[in-house]
Amino acid sequence: MPKAASPHGRQAWTRDRLAARLPFLRRRAALTAATRAFFQSRGYLEVETPCLVPAPGMEVHLRGFATEYRPHLGIGEETLLWLRTSPELALKRLLAGGAGPIFEFARVWRNGEASPNHAPEFTMLEWYAPGLGMAGLMDEAELLLRSVCPGVVGQGEVTADLSRPFVRMTMAEAFSRYCRGLDILGTVDVATGEGSATRLRAAAARSGLHVSETDSWEDGFFRLMLRYVEPKLGRGQATFLTHWPTPQAALARRDPQDGRVALRFELFAAGLELANAFEELTDPVEQRSRFERDVAARRAESGEAGWDVDEDFLAALDYGMPPSSGIALGFDRLAMLASGAAEIEDVLWLPAIPRTPQPALAAPPKLLAGPG
C-alpha cells in the first residue's frame, strides 16, 4: 500500500511560501485573462469538457490516475474511469459536431510526472481550428506568444526574444545539423511509415553516434533527440520543430508529399518545450489501427491492462471531422516564462504534492514582471 502523506514535516502550504509565489501568480492571472481575450477576439468559443473519462488519452508512455464510479442513486453502472491526460479526444468530438473553432483551459493529470518543469496536475491550453493547416497554426501560436508575453522571456540564463521571427526547422534538418549529418528519415520505411531500429543504428554509427542494440527505433530516436537536438532549440529565438517521422505521428496526418513524415510540430522557447501540435488525422480506419497498436504497446511496456480504444471518439471520426489543426500548450510553463519563475511550483496556487518547506523564492526579474 502507498504511504499516506504525513501531516507533519511535509506540507505544501505555508504563508511565507504563498507570499513568495504571489508575484508569479499575479502574472499568471494576467496571462490567463490576456490569453482568453486573444482567442475571443479571433472568434474562438471557450468550452469545458469532462475530466473523468473512460480513456484518458492514447499516448503510449503516459500514465493515468484511475478511479471508480460507484452509483448510489440508481444511475449507471459501476465502472472504471480515469482523470484525463489531455482534453484532445473530447475536443475533437466537439469539432465533429460543428462546434469549432474552440479552446479550453483544461486541468489534466499525468501520473508519476514531477520535476522543476512537470507537475502531476497541471493546466493544458488546447485550441482547434477547422480549415487551418499546420503553417497557419504556427502563425497563430507565434502571434499568441507575442501578444500575451513580455518581449523577452527566459529561464535562468536561457532567453528567447519573441519579437524576432520564430525559427521553423524540420526534424530532418535538426538531426542533420545537430547529429552530425544523420538522415533520420532514411530510417523510416516509405510504404509503411514504420521506423527501423537496424537502420537507425547503422545511420547513427555512420555519424559517429551510438544507439544500443537493445533499443527500439523509438527508444533510439528519443535518446538522440533528447541528448543532441532538444538542448539546442528555442535559445535566443523561439523554435518550431516540424515534420516529425511518421512513427511519432500519434494523431497527426501523414504528409501527402512524403509518407515518412507526419504533419506535427513542437514549440520551444528559452530552451523549454511549450507545445505539441498536429494537422489532424481524420481517417477513422487509420486512426483505429494506430489506437489498437498503441493499446498493445502500452500493455507490453507497463504490464498493465490500462484502458481500451476510445470508441466514442472513433464514432465521431466515422461521422466526419472537418480538416483541422490543433495544439496543446503547457500553460503553466508559459506562465513560468512570462513571469520569470524558476520552476513550475512557483506558478501553482497550491502545489499538488506535499513538499518539505523550501527557502523563500526570489522576486521575478523586473524585465519579465509586467504584462506582455
# chains A, B, ... in the order shown; residues from 1 in each chain; ligands from 1
>>> residues_around(residues="A:Ala238", least_positions_apart="5", cutoff="8 Å", atoms="only C-alpha atoms", output="list in words")
Ala160, Asp161, Leu162, Pro165, Phe166, Val167, Leu233, Leu267, Phe268, Ala269 and Ala270 of chain A
>>> write_last_selection(atoms="all heavy atoms", output="mmCIF file, in the first residue's frame")
data_model
loop_
_atom_site.group_PDB
_atom_site.id
_atom_site.type_symbol
_atom_site.label_atom_id
_atom_site.label_comp_id
_atom_site.auth_asym_id
_atom_site.auth_seq_id
_atom_site.Cartn_x
_atom_site.Cartn_y
_atom_site.Cartn_z
ATOM 1 N N ALA A 160 14.699 33.891 -24.829
ATOM 2 C CA ALA A 160 14.226 33.935 -26.213
ATOM 3 C C ALA A 160 13.573 35.290 -26.432
ATOM 4 O O ALA A 160 12.756 35.728 -25.626
ATOM 5 C CB ALA A 160 13.234 32.813 -26.497
ATOM 6 N N ASP A 161 13.944 35.932 -27.518
ATOM 7 C CA ASP A 161 13.380 37.227 -27.894
ATOM 8 C C ASP A 161 12.187 36.965 -28.804
ATOM 9 O O ASP A 161 12.341 36.606 -29.972
ATOM 10 C CB ASP A 161 14.441 38.058 -28.611
ATOM 11 C CG ASP A 161 13.962 39.459 -28.967
ATOM 12 O OD1 ASP A 161 12.743 39.720 -28.866
ATOM 13 O OD2 ASP A 161 14.799 40.279 -29.375
ATOM 14 N N LEU A 162 10.971 37.151 -28.255
ATOM 15 C CA LEU A 162 9.765 36.824 -29.008
ATOM 16 C C LEU A 162 9.455 37.844 -30.100
ATOM 17 O O LEU A 162 8.567 37.601 -30.930
ATOM 18 C CB LEU A 162 8.570 36.694 -28.052
ATOM 19 C CG LEU A 162 8.688 35.628 -26.965
ATOM 20 C CD1 LEU A 162 7.416 35.577 -26.122
ATOM 21 C CD2 LEU A 162 8.984 34.250 -27.563
ATOM 22 N N PRO A 165 11.425 36.744 -35.508
ATOM 23 C CA PRO A 165 10.643 35.666 -36.144
ATOM 24 C C PRO A 165 11.019 34.309 -35.563
ATOM 25 O O PRO A 165 12.199 34.020 -35.326
ATOM 26 C CB PRO A 165 11.046 35.764 -37.620
ATOM 27 C CG PRO A 165 11.529 37.165 -37.798
ATOM 28 C CD PRO A 165 12.158 37.554 -36.494
ATOM 29 N N PHE A 166 10.010 33.474 -35.301
ATOM 30 C CA PHE A 166 10.269 32.145 -34.761
ATOM 31 C C PHE A 166 10.930 31.285 -35.843
ATOM 32 O O PHE A 166 10.516 31.294 -37.001
ATOM 33 C CB PHE A 166 8.974 31.476 -34.308
ATOM 34 C CG PHE A 166 8.337 32.078 -33.078
ATOM 35 C CD1 PHE A 166 8.678 33.354 -32.632
ATOM 36 C CD2 PHE A 166 7.379 31.376 -32.363
ATOM 37 C CE1 PHE A 166 8.095 33.914 -31.506
ATOM 38 C CE2 PHE A 166 6.786 31.914 -31.226
ATOM 39 C CZ PHE A 166 7.141 33.188 -30.795
ATOM 40 N N VAL A 167 11.948 30.525 -35.442
ATOM 41 C CA VAL A 167 12.622 29.603 -36.360
ATOM 42 C C VAL A 167 11.680 28.442 -36.690
ATOM 43 O O VAL A 167 10.972 27.942 -35.814
ATOM 44 C CB VAL A 167 13.918 29.068 -35.724
ATOM 45 C CG1 VAL A 167 14.562 27.997 -36.604
ATOM 46 C CG2 VAL A 167 14.884 30.203 -35.451
ATOM 47 N N LEU A 233 17.396 23.906 -28.996
ATOM 48 C CA LEU A 233 16.205 24.556 -29.541
ATOM 49 C C LEU A 233 15.698 25.687 -28.651
ATOM 50 O O LEU A 233 15.773 25.607 -27.426
ATOM 51 C CB LEU A 233 15.099 23.523 -29.743
ATOM 52 C CG LEU A 233 15.443 22.335 -30.634
ATOM 53 C CD1 LEU A 233 14.276 21.359 -30.698
ATOM 54 C CD2 LEU A 233 15.843 22.790 -32.031
ATOM 55 N N LEU A 267 6.783 23.337 -30.160
ATOM 56 C CA LEU A 267 7.263 24.709 -29.988
ATOM 57 C C LEU A 267 8.168 24.778 -28.771
ATOM 58 O O LEU A 267 7.811 24.289 -27.687
ATOM 59 C CB LEU A 267 6.067 25.653 -29.814
ATOM 60 C CG LEU A 267 6.368 27.100 -29.391
ATOM 61 C CD1 LEU A 267 7.258 27.803 -30.408
ATOM 62 C CD2 LEU A 267 5.057 27.875 -29.198
ATOM 63 N N PHE A 268 9.345 25.395 -28.944
ATOM 64 C CA PHE A 268 10.321 25.578 -27.865
ATOM 65 C C PHE A 268 10.632 27.062 -27.717
ATOM 66 O O PHE A 268 10.778 27.778 -28.719
ATOM 67 C CB PHE A 268 11.620 24.824 -28.175
ATOM 68 C CG PHE A 268 11.462 23.330 -28.265
ATOM 69 C CD1 PHE A 268 10.976 22.732 -29.418
ATOM 70 C CD2 PHE A 268 11.800 22.510 -27.195
ATOM 71 C CE1 PHE A 268 10.826 21.356 -29.504
ATOM 72 C CE2 PHE A 268 11.655 21.134 -27.267
ATOM 73 C CZ PHE A 268 11.168 20.555 -28.428
ATOM 74 N N ALA A 269 10.741 27.512 -26.462
ATOM 75 C CA ALA A 269 11.147 28.896 -26.196
ATOM 76 C C ALA A 269 12.007 28.909 -24.942
ATOM 77 O O ALA A 269 11.666 28.271 -23.940
ATOM 78 C CB ALA A 269 9.935 29.803 -26.012
ATOM 79 N N ALA A 270 13.128 29.624 -25.021
ATOM 80 C CA ALA A 270 14.077 29.699 -23.902
ATOM 81 C C ALA A 270 14.475 28.301 -23.430
ATOM 82 O O ALA A 270 14.628 28.060 -22.224
ATOM 83 C CB ALA A 270 13.501 30.525 -22.757
#
>>> residues_around(residues="stretch 307-318 of chain A", least_positions_apart="4", cutoff="7 Å", atoms="only C-alpha atoms", output="PyMOL selection string")
chain A and resi 55+89+93+96+282-284+291-292+295
>>> select_by_dssp(residues="stretch 8-144 of chain A", states="alpha helix (DSSP H)", output="NGL selection string")
:A and (15-41 or 88-96 or 134-144)
>>> select_by_dssp(residues="stretch 28-240 of chain A", states="strand (DSSP E)", output="count of residues only")
46
>>> residues_around(residues="A:Arg177", least_positions_apart="2", cutoff="12 Å", atoms="only C-alpha atoms", output="PyMOL selection string")
chain A and resi 169-175+179-184+207+225+228-230+232-233
